[in-house]
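Heads up: the structure comes next, in structure tokens.
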Amino acid sequence: MSPVTSSVAELQTCLLTADAEGDAVARAARVLAEGGLVAFPTETVYGLGADAGNGEAVARLYAAKERPVFNPLIAHVADIDAARRIAQFNEAAEKLAAAFWPGPLTLVLPRRAGSGVSDLASAGLNSVAVRVPAHPVARALLAAFGRPVVAPSANRSGRVSPTRAAHVVADLDGRVDLVVDGGPTRVGVESSIVSCIDEPGSPPTWLRPGGVAREAIERVLGTPLAERPRPARSAQDAPLAPGMLESHYAPRAHLRLDAADVRPGEALLAFGPGAPAGAVMTLNLSARGDLTEAAANLFSHLRALDASGAQTIAAMPVPRTGLGEAINDRLARAAAPRP
Ligand code: TXA
Ligand code: MG
């Protein structure tokens with residue numbers, strides 16, 4: 001299946017700053033109810049929201065992102081009761097929701113009949129991905145709208161995820177109705193995704209490293225997570241773990257991983273103290289070597305280094321523990337050969 005690229009109508013994109021009176025959120029809820037597309041901040045990255053129950057709005061969302069329609073979306077809801085109306089929770093899912101919601105964790109669960117999430121949004125699967133975000137603007141929007149909102153990251157498919165409203169505008173201006181600016185996002189990498197679909201004798205499966213560290217999840221479960229199937233190399237062999245394509249989050253520049261030095265003409269994505277000199281531009285994910293700070297800076301630093309015009313971005317090694325797993329996952333995808 002190919003991306004939906006046909007007829008992306010040129011829209012007038014409106015940019016509003018989230019305000020204390022909630023005017024921007026009220027407007028955003030109205031746009032969603034009318035079938036429009038709204039980009040809004042979550043604590044992980046900016047999401048591009050559509051009414052989950054409106055198949056036409058969901059189709060427009062896929063088209064705006066140029067996202068392949070085999071890649072299902074996450075349904076965002078205000079609280080666990082709303083999540084229980086669209087999905088079936090087993091014991092593991094209950095534990096994880098109690099420990100991490102609201103927050104940067106997505107659960108893949110069996111989808112309930114009459115869930116109100118359009119078939120297109122879950123790509124025809126019997127499962128559905130659900131998440132209760134923690135960002136105050138996202139929470140206010142979900143409360144005001146009152147129904148599930150599907151929201152992929154608000155970037156064009158395959159590009160670096162947006163952690164600021166300006167990133168959304170750079171990718172999607174003229175393709176979405178409204179962008180609500182809530183400032184830079186706190187976590188900076190997408191939610192972790194865990195599948196809790198009962199398979200006899202099998203623990204929940206780790207589908208995507210993200211804003212909640214694997215170690216924290218395993219502590220709550222009291223058991224190691226099962227590994228997800230190997231990532232798909234192309235759309236053709238994708239369906240086992242949809243959306244987990246190897247090349248993703250791709251800047252225009254080539255990425256050189258585990259760099260210990262800087263070569264002529266390179267930009268440098270540094271980590272920790274003692275970054276090598278000589279890059280055309282250097283940005284440090286965290287000079288004090290803090291992984292939480294590094295995750296928060298990852299996508300905006302990649303975008304800024306890409307904008308320097310360097311052909312190659314050299315990326316220094318980042319430890320693989322805690323949020324470092326998500327950082328390394330995103331860097332590996334950004335460096336992967338492009339389809
Ligand atoms: O932090 C986040 O999760 C952000 C914010 C906006 O909430 N959203 C986000 O959405 O990252 P997106 O669409 O960029 O990534 C969702 C991932 C995709 O890889 C998709 O394949 C996977 O979730 N997914 C969705 N439904 C699934 C399902 N039923 N089974 C397996 N994977 C699923
Ligand atoms: Mg994405």
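Residue numbering restarts at 1 for every chain of the structure tokens, chains are lettered A, B, ... in their displayed order, and ligands are numbered from 1 as they appear.
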Counting only C-alpha atoms and all ligand atoms, which residues of chain A sit at most 9 Å from some atom of ligand 2, and what is each one's closest atom pair with its distance in Å to one decimal, listed by chain and rising residue number, as a tab-separated table?
residue	atom	partner	partner_atom_place_in_ligand_line	distance
A:Val45	CA	ligand 2	1 (Mg)	9.0
A:Gly47	CA	ligand 2	1 (Mg)	8.6
A:Pro152	CA	ligand 2	1 (Mg)	5.5
A:Ser153	CA	ligand 2	1 (Mg)	4.3
A:Ala154	CA	ligand 2	1 (Mg)	7.3
A:Asn155	CA	ligand 2	1 (Mg)	7.0
A:Arg156	CA	ligand 2	1 (Mg)	8.4
A:Ser157	CA	ligand 2	1 (Mg)	6.9
A:Gly158	CA	ligand 2	1 (Mg)	7.4
A:Arg159	CA	ligand 2	1 (Mg)	8.0
A:Val160	CA	ligand 2	1 (Mg)	8.0
A:Ser161	CA	ligand 2	1 (Mg)	6.1
A:Glu190	CA	ligand 2	1 (Mg)	7.6
A:Gly243	CA	ligand 2	1 (Mg)	8.2
A:His248	CA	ligand 2	1 (Mg)	8.2
A:Tyr249	CA	ligand 2	1 (Mg)	7.8
What would the file look like if the residues just selected were written as a PDB file, in the first residue's frame with N, CA and C atoms?
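What ended up in again-v3.pdb:
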ATOM      1  N   VAL A  45       5.830  14.436  22.349  1.00  0.00           N
ATOM      2  CA  VAL A  45       6.043  15.226  21.127  1.00  0.00           C
ATOM      3  C   VAL A  45       4.688  15.840  20.772  1.00  0.00           C
ATOM      4  N   GLY A  47       1.340  16.107  18.779  1.00  0.00           N
ATOM      5  CA  GLY A  47       0.518  15.159  18.054  1.00  0.00           C
ATOM      6  C   GLY A  47      -0.335  15.877  17.029  1.00  0.00           C
ATOM      7  N   PRO A 152      -1.045  10.801  15.671  1.00  0.00           N
ATOM      8  CA  PRO A 152       0.353  10.432  15.422  1.00  0.00           C
ATOM      9  C   PRO A 152       1.210  11.663  15.698  1.00  0.00           C
ATOM     10  N   SER A 153       2.515  11.505  15.707  1.00  0.00           N
ATOM     11  CA  SER A 153       3.386  12.662  15.832  1.00  0.00           C
ATOM     12  C   SER A 153       3.110  13.605  14.655  1.00  0.00           C
ATOM     13  N   ALA A 154       3.168  14.913  14.924  1.00  0.00           N
ATOM     14  CA  ALA A 154       2.720  15.910  13.945  1.00  0.00           C
ATOM     15  C   ALA A 154       3.836  16.304  12.981  1.00  0.00           C
ATOM     16  N   ASN A 155       4.443  15.297  12.346  1.00  0.00           N
ATOM     17  CA  ASN A 155       5.473  15.524  11.340  1.00  0.00           C
ATOM     18  C   ASN A 155       5.040  14.807  10.076  1.00  0.00           C
ATOM     19  N   ARG A 156       5.663  15.148   8.943  1.00  0.00           N
ATOM     20  CA  ARG A 156       5.411  14.326   7.757  1.00  0.00           C
ATOM     21  C   ARG A 156       6.029  12.962   7.990  1.00  0.00           C
ATOM     22  N   SER A 157       5.374  11.948   7.481  1.00  0.00           N
ATOM     23  CA  SER A 157       5.799  10.570   7.708  1.00  0.00           C
ATOM     24  C   SER A 157       7.276  10.395   7.370  1.00  0.00           C
ATOM     25  N   GLY A 158       8.013   9.728   8.287  1.00  0.00           N
ATOM     26  CA  GLY A 158       9.425   9.454   8.042  1.00  0.00           C
ATOM     27  C   GLY A 158      10.352  10.544   8.535  1.00  0.00           C
ATOM     28  N   ARG A 159       9.831  11.710   8.875  1.00  0.00           N
ATOM     29  CA  ARG A 159      10.698  12.805   9.320  1.00  0.00           C
ATOM     30  C   ARG A 159      10.830  12.830  10.833  1.00  0.00           C
ATOM     31  N   VAL A 160      11.687  13.722  11.300  1.00  0.00           N
ATOM     32  CA  VAL A 160      11.955  13.860  12.736  1.00  0.00           C
ATOM     33  C   VAL A 160      10.697  14.376  13.451  1.00  0.00           C
ATOM     34  N   SER A 161      10.366  13.771  14.593  1.00  0.00           N
ATOM     35  CA  SER A 161       9.156  14.169  15.327  1.00  0.00           C
ATOM     36  C   SER A 161       9.298  15.583  15.894  1.00  0.00           C
ATOM     37  N   GLU A 190       8.862   9.918  21.827  1.00  0.00           N
ATOM     38  CA  GLU A 190       7.495   9.428  21.866  1.00  0.00           C
ATOM     39  C   GLU A 190       7.277   8.453  23.017  1.00  0.00           C
ATOM     40  N   GLY A 243       4.473   0.178  11.428  1.00  0.00           N
ATOM     41  CA  GLY A 243       5.034   1.463  11.806  1.00  0.00           C
ATOM     42  C   GLY A 243       6.440   1.378  12.338  1.00  0.00           C
ATOM     43  N   HIS A 248      13.373   5.957   9.751  1.00  0.00           N
ATOM     44  CA  HIS A 248      12.341   6.823  10.299  1.00  0.00           C
ATOM     45  C   HIS A 248      13.077   7.970  10.950  1.00  0.00           C
ATOM     46  N   TYR A 249      12.361   8.989  11.355  1.00  0.00           N
ATOM     47  CA  TYR A 249      13.003  10.103  12.064  1.00  0.00           C
ATOM     48  C   TYR A 249      14.179  10.634  11.268  1.00  0.00           C
TER      49      TYR A 249
END
Give the residues close to ligand 1, within 7 Å, counting only C-alpha atoms and all ligand atoms; write them as an mmCIF file with N, CA and C atoms, in the first residue's frame.
data_model
loop_
_atom_site.group_PDB
_atom_site.id
_atom_site.type_symbol
_atom_site.label_atom_id
_atom_site.label_comp_id
_atom_site.auth_asym_id
_atom_site.auth_seq_id
_atom_site.Cartn_x
_atom_site.Cartn_y
_atom_site.Cartn_z
ATOM 1 N N THR A 42 1.806 17.261 23.495
ATOM 2 C CA THR A 42 1.705 16.271 24.564
ATOM 3 C C THR A 42 3.055 16.348 25.284
ATOM 4 N N THR A 44 5.280 14.200 25.311
ATOM 5 C CA THR A 44 6.333 13.531 24.534
ATOM 6 C C THR A 44 6.733 14.375 23.331
ATOM 7 N N VAL A 45 5.830 14.436 22.349
ATOM 8 C CA VAL A 45 6.043 15.226 21.127
ATOM 9 C C VAL A 45 4.688 15.840 20.772
ATOM 10 N N TYR A 46 4.670 16.761 19.815
ATOM 11 C CA TYR A 46 3.386 17.296 19.339
ATOM 12 C C TYR A 46 2.655 16.207 18.558
ATOM 13 N N GLY A 47 1.340 16.107 18.779
ATOM 14 C CA GLY A 47 0.518 15.159 18.054
ATOM 15 C C GLY A 47 -0.335 15.877 17.029
ATOM 16 N N LEU A 48 -0.722 15.146 15.971
ATOM 17 C CA LEU A 48 -1.666 15.702 14.999
ATOM 18 C C LEU A 48 -2.991 14.985 15.216
ATOM 19 N N ASN A 71 -0.289 1.753 8.715
ATOM 20 C CA ASN A 71 0.341 2.107 9.992
ATOM 21 C C ASN A 71 -0.702 2.723 10.929
ATOM 22 N N PRO A 72 -1.155 1.948 11.942
ATOM 23 C CA PRO A 72 -2.274 2.414 12.763
ATOM 24 C C PRO A 72 -1.888 3.551 13.710
ATOM 25 N N LEU A 73 -2.917 4.201 14.257
ATOM 26 C CA LEU A 73 -2.734 5.395 15.088
ATOM 27 C C LEU A 73 -3.021 5.091 16.555
ATOM 28 N N ILE A 74 -2.504 5.948 17.432
ATOM 29 C CA ILE A 74 -2.788 5.830 18.865
ATOM 30 C C ILE A 74 -4.041 6.645 19.183
ATOM 31 N N PRO A 104 3.790 9.010 29.480
ATOM 32 C CA PRO A 104 4.295 8.626 28.154
ATOM 33 C C PRO A 104 4.341 7.118 27.904
ATOM 34 N N THR A 106 2.033 3.965 25.961
ATOM 35 C CA THR A 106 0.905 3.532 25.125
ATOM 36 C C THR A 106 0.725 2.036 25.295
ATOM 37 N N VAL A 108 -1.083 -1.411 23.748
ATOM 38 C CA VAL A 108 -1.802 -2.054 22.640
ATOM 39 C C VAL A 108 -2.633 -3.176 23.240
ATOM 40 N N SER A 122 -7.248 2.147 13.176
ATOM 41 C CA SER A 122 -6.480 1.011 13.701
ATOM 42 C C SER A 122 -6.093 0.052 12.584
ATOM 43 N N LEU A 125 -6.896 -3.693 12.288
ATOM 44 C CA LEU A 125 -6.445 -4.694 13.260
ATOM 45 C C LEU A 125 -7.526 -4.931 14.325
ATOM 46 N N SER A 127 -6.669 -5.068 17.358
ATOM 47 C CA SER A 127 -6.112 -4.395 18.531
ATOM 48 C C SER A 127 -6.214 -2.891 18.343
ATOM 49 N N VAL A 128 -6.011 -2.175 19.446
ATOM 50 C CA VAL A 128 -6.004 -0.719 19.372
ATOM 51 C C VAL A 128 -4.944 -0.201 20.346
ATOM 52 N N ALA A 129 -4.252 0.847 19.943
ATOM 53 C CA ALA A 129 -3.253 1.473 20.821
ATOM 54 C C ALA A 129 -3.921 2.628 21.555
ATOM 55 N N PRO A 133 -2.433 10.951 27.862
ATOM 56 C CA PRO A 133 -1.279 11.845 27.966
ATOM 57 C C PRO A 133 -1.347 12.708 29.232
ATOM 58 N N ALA A 151 -3.915 10.521 17.313
ATOM 59 C CA ALA A 151 -2.857 11.513 17.112
ATOM 60 C C ALA A 151 -1.507 10.842 16.920
ATOM 61 N N PRO A 152 -1.045 10.801 15.671
ATOM 62 C CA PRO A 152 0.353 10.432 15.422
ATOM 63 C C PRO A 152 1.210 11.663 15.698
ATOM 64 N N SER A 153 2.515 11.505 15.707
ATOM 65 C CA SER A 153 3.386 12.662 15.832
ATOM 66 C C SER A 153 3.110 13.605 14.655
ATOM 67 N N ALA A 154 3.168 14.913 14.924
ATOM 68 C CA ALA A 154 2.720 15.910 13.945
ATOM 69 C C ALA A 154 3.836 16.304 12.981
ATOM 70 N N VAL A 189 10.896 12.388 23.499
ATOM 71 C CA VAL A 189 10.764 11.208 22.632
ATOM 72 C C VAL A 189 9.345 10.670 22.818
ATOM 73 N N GLU A 190 8.862 9.918 21.827
ATOM 74 C CA GLU A 190 7.495 9.428 21.866
ATOM 75 C C GLU A 190 7.277 8.453 23.017
ATOM 76 N N SER A 191 6.006 8.139 23.241
ATOM 77 C CA SER A 191 5.651 7.210 24.314
ATOM 78 C C SER A 191 6.266 5.832 24.069
ATOM 79 N N SER A 192 6.535 5.133 25.153
ATOM 80 C CA SER A 192 6.889 3.713 25.061
ATOM 81 C C SER A 192 5.620 2.953 24.703
ATOM 82 N N ILE A 193 5.745 1.889 23.903
ATOM 83 C CA ILE A 193 4.561 1.099 23.544
ATOM 84 C C ILE A 193 4.726 -0.337 24.014
ATOM 85 N N ALA A 241 4.725 -5.683 13.019
ATOM 86 C CA ALA A 241 4.806 -4.558 13.942
ATOM 87 C C ALA A 241 4.671 -3.283 13.124
ATOM 88 N N PRO A 242 3.444 -2.940 12.793
ATOM 89 C CA PRO A 242 3.246 -1.840 11.850
ATOM 90 C C PRO A 242 3.915 -0.569 12.345
ATOM 91 N N GLY A 243 4.473 0.178 11.428
ATOM 92 C CA GLY A 243 5.034 1.463 11.806
ATOM 93 C C GLY A 243 6.440 1.378 12.338
ATOM 94 N N MET A 244 6.944 0.178 12.527
ATOM 95 C CA MET A 244 8.281 0.049 13.089
ATOM 96 C C MET A 244 9.288 -0.104 11.946
#
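The environment of Val220 (chain A) within 9 Å, counting only C-alpha atoms and disregarding residues fewer than 5 places along the same chain, consists of Lys95, Leu96, Ala99 and Glu215 of chain A.
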### Task
May I have the residues within 12 Å of Leu283 (chain A) as JSON, numbers by chain, using only C-alpha atoms and disregarding those fewer than 4 positions away in the same chain?
{"A": [267, 268, 269, 270, 271, 272, 273, 275, 276, 277, 279, 287, 294, 297, 298, 299, 300, 301, 302, 303, 304, 305, 306, 308, 313, 314, 315, 316]}
Take the residues from that selection and put them in a file with N, CA and C atoms, as a PDB file, in the first residue's frame.
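The result, stored in selection14.pdb:
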ATOM      1  N   ALA A 267      28.701  18.151  11.143  1.00  0.00           N
ATOM      2  CA  ALA A 267      28.084  18.750  12.333  1.00  0.00           C
ATOM      3  C   ALA A 267      28.135  17.688  13.425  1.00  0.00           C
ATOM      4  N   LEU A 268      28.100  18.111  14.692  1.00  0.00           N
ATOM      5  CA  LEU A 268      28.274  17.149  15.787  1.00  0.00           C
ATOM      6  C   LEU A 268      27.100  17.178  16.754  1.00  0.00           C
ATOM      7  N   LEU A 269      26.513  15.988  16.962  1.00  0.00           N
ATOM      8  CA  LEU A 269      25.522  15.804  18.021  1.00  0.00           C
ATOM      9  C   LEU A 269      26.281  15.188  19.195  1.00  0.00           C
ATOM     10  N   ALA A 270      26.616  16.036  20.168  1.00  0.00           N
ATOM     11  CA  ALA A 270      27.485  15.602  21.265  1.00  0.00           C
ATOM     12  C   ALA A 270      26.657  15.067  22.425  1.00  0.00           C
ATOM     13  N   PHE A 271      27.332  14.335  23.295  1.00  0.00           N
ATOM     14  CA  PHE A 271      26.717  13.891  24.553  1.00  0.00           C
ATOM     15  C   PHE A 271      27.795  13.850  25.618  1.00  0.00           C
ATOM     16  N   GLY A 272      27.535  14.484  26.751  1.00  0.00           N
ATOM     17  CA  GLY A 272      28.465  14.451  27.865  1.00  0.00           C
ATOM     18  C   GLY A 272      29.576  15.478  27.721  1.00  0.00           C
ATOM     19  N   PRO A 273      30.458  15.526  28.727  1.00  0.00           N
ATOM     20  CA  PRO A 273      31.558  16.484  28.681  1.00  0.00           C
ATOM     21  C   PRO A 273      32.612  16.027  27.673  1.00  0.00           C
ATOM     22  N   ALA A 275      33.339  16.996  24.384  1.00  0.00           N
ATOM     23  CA  ALA A 275      33.028  16.789  22.968  1.00  0.00           C
ATOM     24  C   ALA A 275      34.224  17.208  22.119  1.00  0.00           C
ATOM     25  N   PRO A 276      34.570  16.435  21.059  1.00  0.00           N
ATOM     26  CA  PRO A 276      35.681  16.831  20.197  1.00  0.00           C
ATOM     27  C   PRO A 276      35.384  18.143  19.467  1.00  0.00           C
ATOM     28  N   ALA A 277      36.446  18.895  19.168  1.00  0.00           N
ATOM     29  CA  ALA A 277      36.289  20.188  18.490  1.00  0.00           C
ATOM     30  C   ALA A 277      36.305  19.993  16.976  1.00  0.00           C
ATOM     31  N   ALA A 279      33.777  20.736  14.589  1.00  0.00           N
ATOM     32  CA  ALA A 279      32.556  20.557  13.796  1.00  0.00           C
ATOM     33  C   ALA A 279      32.072  21.904  13.267  1.00  0.00           C
ATOM     34  N   ALA A 287      25.400  18.132  28.332  1.00  0.00           N
ATOM     35  CA  ALA A 287      26.826  18.252  28.666  1.00  0.00           C
ATOM     36  C   ALA A 287      27.126  17.521  29.971  1.00  0.00           C
ATOM     37  N   ALA A 294      18.860  14.691  27.650  1.00  0.00           N
ATOM     38  CA  ALA A 294      19.235  14.327  26.278  1.00  0.00           C
ATOM     39  C   ALA A 294      18.003  13.986  25.440  1.00  0.00           C
ATOM     40  N   ASN A 297      16.133  17.018  24.318  1.00  0.00           N
ATOM     41  CA  ASN A 297      16.807  17.812  23.284  1.00  0.00           C
ATOM     42  C   ASN A 297      16.956  17.105  21.940  1.00  0.00           C
ATOM     43  N   LEU A 298      16.746  15.786  21.911  1.00  0.00           N
ATOM     44  CA  LEU A 298      17.133  14.986  20.750  1.00  0.00           C
ATOM     45  C   LEU A 298      16.591  15.522  19.418  1.00  0.00           C
ATOM     46  N   PHE A 299      15.269  15.633  19.297  1.00  0.00           N
ATOM     47  CA  PHE A 299      14.704  15.969  17.986  1.00  0.00           C
ATOM     48  C   PHE A 299      14.960  17.427  17.595  1.00  0.00           C
ATOM     49  N   SER A 300      14.935  18.355  18.552  1.00  0.00           N
ATOM     50  CA  SER A 300      15.195  19.749  18.168  1.00  0.00           C
ATOM     51  C   SER A 300      16.664  19.926  17.777  1.00  0.00           C
ATOM     52  N   HIS A 301      17.571  19.218  18.451  1.00  0.00           N
ATOM     53  CA  HIS A 301      18.986  19.300  18.055  1.00  0.00           C
ATOM     54  C   HIS A 301      19.192  18.692  16.659  1.00  0.00           C
ATOM     55  N   LEU A 302      18.535  17.560  16.385  1.00  0.00           N
ATOM     56  CA  LEU A 302      18.676  16.951  15.053  1.00  0.00           C
ATOM     57  C   LEU A 302      18.190  17.912  13.972  1.00  0.00           C
ATOM     58  N   ARG A 303      17.045  18.553  14.230  1.00  0.00           N
ATOM     59  CA  ARG A 303      16.520  19.506  13.245  1.00  0.00           C
ATOM     60  C   ARG A 303      17.474  20.674  13.041  1.00  0.00           C
ATOM     61  N   ALA A 304      18.022  21.198  14.137  1.00  0.00           N
ATOM     62  CA  ALA A 304      18.900  22.369  14.038  1.00  0.00           C
ATOM     63  C   ALA A 304      20.212  22.009  13.333  1.00  0.00           C
ATOM     64  N   LEU A 305      20.771  20.832  13.637  1.00  0.00           N
ATOM     65  CA  LEU A 305      22.018  20.422  12.977  1.00  0.00           C
ATOM     66  C   LEU A 305      21.773  20.185  11.491  1.00  0.00           C
ATOM     67  N   ASP A 306      20.617  19.627  11.174  1.00  0.00           N
ATOM     68  CA  ASP A 306      20.253  19.401   9.779  1.00  0.00           C
ATOM     69  C   ASP A 306      20.189  20.735   9.029  1.00  0.00           C
ATOM     70  N   SER A 308      21.934  23.250   9.499  1.00  0.00           N
ATOM     71  CA  SER A 308      23.267  23.845   9.291  1.00  0.00           C
ATOM     72  C   SER A 308      23.752  23.601   7.872  1.00  0.00           C
ATOM     73  N   ILE A 313      25.932  14.354   9.976  1.00  0.00           N
ATOM     74  CA  ILE A 313      25.875  14.661  11.405  1.00  0.00           C
ATOM     75  C   ILE A 313      26.547  13.495  12.122  1.00  0.00           C
ATOM     76  N   ALA A 314      27.645  13.788  12.832  1.00  0.00           N
ATOM     77  CA  ALA A 314      28.308  12.760  13.631  1.00  0.00           C
ATOM     78  C   ALA A 314      27.636  12.741  14.998  1.00  0.00           C
ATOM     79  N   ALA A 315      27.217  11.548  15.446  1.00  0.00           N
ATOM     80  CA  ALA A 315      26.529  11.440  16.732  1.00  0.00           C
ATOM     81  C   ALA A 315      27.399  10.654  17.706  1.00  0.00           C
ATOM     82  N   MET A 316      27.712  11.277  18.836  1.00  0.00           N
ATOM     83  CA  MET A 316      28.527  10.591  19.848  1.00  0.00           C
ATOM     84  C   MET A 316      27.700   9.491  20.517  1.00  0.00           C
TER      85      MET A 316
END
### Query
Do you have the CA of Ile86 (chain A)-CA of Arg112 (chain A) distance handy?
5.3 Å
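If only C-alpha atoms are the atoms counted, then among A:Ala310, A:Leu141, A:Ala213, A:Ala260 the closest residue to Gly274 (chain A) is A:Ala260.
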## Note on the structure
Val176 (chain A) proximity check over A:Gly36, A:Pro209, A:Gly322, A:Pro102, using only C-alpha atoms: winner is A:Gly36
### Task
Could you find all residues in region 124-208 of chain A that DSSP calls strand (DSSP E or B) from the backbone, and write them as a PyMOL selection string?
chain A and resi 127-131+149-150+153+178-181+192-195+199+202+205-208
Any chance you could export the current selection's C-alpha atoms as a PDB file, in the first residue's frame?
ATOM      1  CA  SER A 127      -6.112  -4.395  18.531  1.00  0.00           C
ATOM      2  CA  VAL A 128      -6.004  -0.719  19.372  1.00  0.00           C
ATOM      3  CA  ALA A 129      -3.253   1.473  20.821  1.00  0.00           C
ATOM      4  CA  VAL A 130      -4.417   3.743  23.667  1.00  0.00           C
ATOM      5  CA  ARG A 131      -2.729   6.394  25.747  1.00  0.00           C
ATOM      6  CA  VAL A 149      -8.621  11.630  19.528  1.00  0.00           C
ATOM      7  CA  VAL A 150      -6.207   9.766  17.273  1.00  0.00           C
ATOM      8  CA  SER A 153       3.386  12.662  15.832  1.00  0.00           C
ATOM      9  CA  LEU A 178      -4.887  24.565  13.670  1.00  0.00           C
ATOM     10  CA  VAL A 179      -1.641  24.329  15.654  1.00  0.00           C
ATOM     11  CA  VAL A 180      -1.862  24.924  19.407  1.00  0.00           C
ATOM     12  CA  ASP A 181       1.478  26.135  20.751  1.00  0.00           C
ATOM     13  CA  SER A 192       6.889   3.713  25.061  1.00  0.00           C
ATOM     14  CA  ILE A 193       4.561   1.099  23.544  1.00  0.00           C
ATOM     15  CA  VAL A 194       3.738  -2.170  25.298  1.00  0.00           C
ATOM     16  CA  SER A 195       1.392  -4.788  23.869  1.00  0.00           C
ATOM     17  CA  GLU A 199      -1.026 -14.984  24.725  1.00  0.00           C
ATOM     18  CA  SER A 202       3.791 -14.877  27.302  1.00  0.00           C
ATOM     19  CA  THR A 205       5.682  -7.274  24.553  1.00  0.00           C
ATOM     20  CA  TRP A 206       7.982  -4.251  24.267  1.00  0.00           C
ATOM     21  CA  LEU A 207       7.009  -2.701  20.926  1.00  0.00           C
ATOM     22  CA  ARG A 208       8.741   0.690  21.094  1.00  0.00           C
TER      23      ARG A 208
END
### DSSP helix (DSSP H, G or I) residues within region 38-212 of chain A, as a ChimeraX atom specification
/A:55-65,80-86,91-100,136-145,165-172
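Atom pair CA of Pro136 (chain A) / CA of Pro41 (chain A): separated by 8.8 Å.
Minimum atom-to-atom distance to Ala295 (chain A), evaluated using only C-alpha atoms, belongs to A:Val212 out of A:Val280, A:Ala29, A:Leu257, A:Val212.
Minimum distance to Leu225 (chain A) across A:Ala121, A:Val262, A:Ala92, A:Ala50 (counting only C-alpha atoms) occurs at A:Ala92.
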#### Entry: Between CA of Arg263 (chain A) and CA of Arg333 (chain A), distance in Å (one decimal)
21.8 Å
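You can rank A:Pro162, A:Gly265, A:Gly114, A:Gly278 by their closest distance to Gly309 (chain A) using only C-alpha atoms, and at the top of that list sits A:Gly265.
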### Task
Would you mind listing what lies within 12 Å of Asp79 (chain A) as an NGL selection string, with only C-alpha atoms counted and same-chain residues fewer than 6 positions away left out?
:A and (85-86 or 97-98 or 100-103 or 130-134 or 138-140 or 142-143 or 146-148)
Take the residues just selected and output them with C-alpha atoms as an mmCIF file, in the first residue's frame.
data_model
loop_
_atom_site.group_PDB
_atom_site.id
_atom_site.type_symbol
_atom_site.label_atom_id
_atom_site.label_comp_id
_atom_site.auth_asym_id
_atom_site.auth_seq_id
_atom_site.Cartn_x
_atom_site.Cartn_y
_atom_site.Cartn_z
ATOM 1 C CA ARG A 85 -14.587 1.775 26.759
ATOM 2 C CA ILE A 86 -12.471 1.223 23.666
ATOM 3 C CA ALA A 97 -2.083 2.031 33.506
ATOM 4 C CA ALA A 98 -2.249 2.500 37.281
ATOM 5 C CA PHE A 100 2.125 5.256 34.387
ATOM 6 C CA TRP A 101 -1.078 7.063 33.309
ATOM 7 C CA PRO A 102 -1.352 9.873 32.673
ATOM 8 C CA GLY A 103 2.071 9.716 31.049
ATOM 9 C CA VAL A 130 -4.417 3.743 23.667
ATOM 10 C CA ARG A 131 -2.729 6.394 25.747
ATOM 11 C CA VAL A 132 -3.688 8.920 28.432
ATOM 12 C CA PRO A 133 -1.279 11.845 27.966
ATOM 13 C CA ALA A 134 -0.094 13.990 30.873
ATOM 14 C CA ALA A 138 -3.631 17.641 25.792
ATOM 15 C CA ARG A 139 -5.686 16.797 28.879
ATOM 16 C CA ALA A 140 -7.795 19.939 28.559
ATOM 17 C CA LEU A 142 -9.450 15.613 25.487
ATOM 18 C CA ALA A 143 -11.766 16.737 28.278
ATOM 19 C CA GLY A 146 -15.084 14.290 25.200
ATOM 20 C CA ARG A 147 -14.232 11.463 22.779
ATOM 21 C CA PRO A 148 -11.065 9.643 21.648
#
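Among the candidates A:Ala253, A:Ala123, A:Val187, A:Ala170, the residue lying nearest to Ala326 (chain A) is A:Val187 (atoms considered: only C-alpha atoms).
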### Task
Considering only C-alpha atoms, return as an NGL selection string whatever protein or nucleic-acid residues lie within 8 Å of Pro110 (chain A), sequence-local ones (same chain, fewer than 3 positions apart) excluded.
:A and (87-89 or 126-128 or 197)
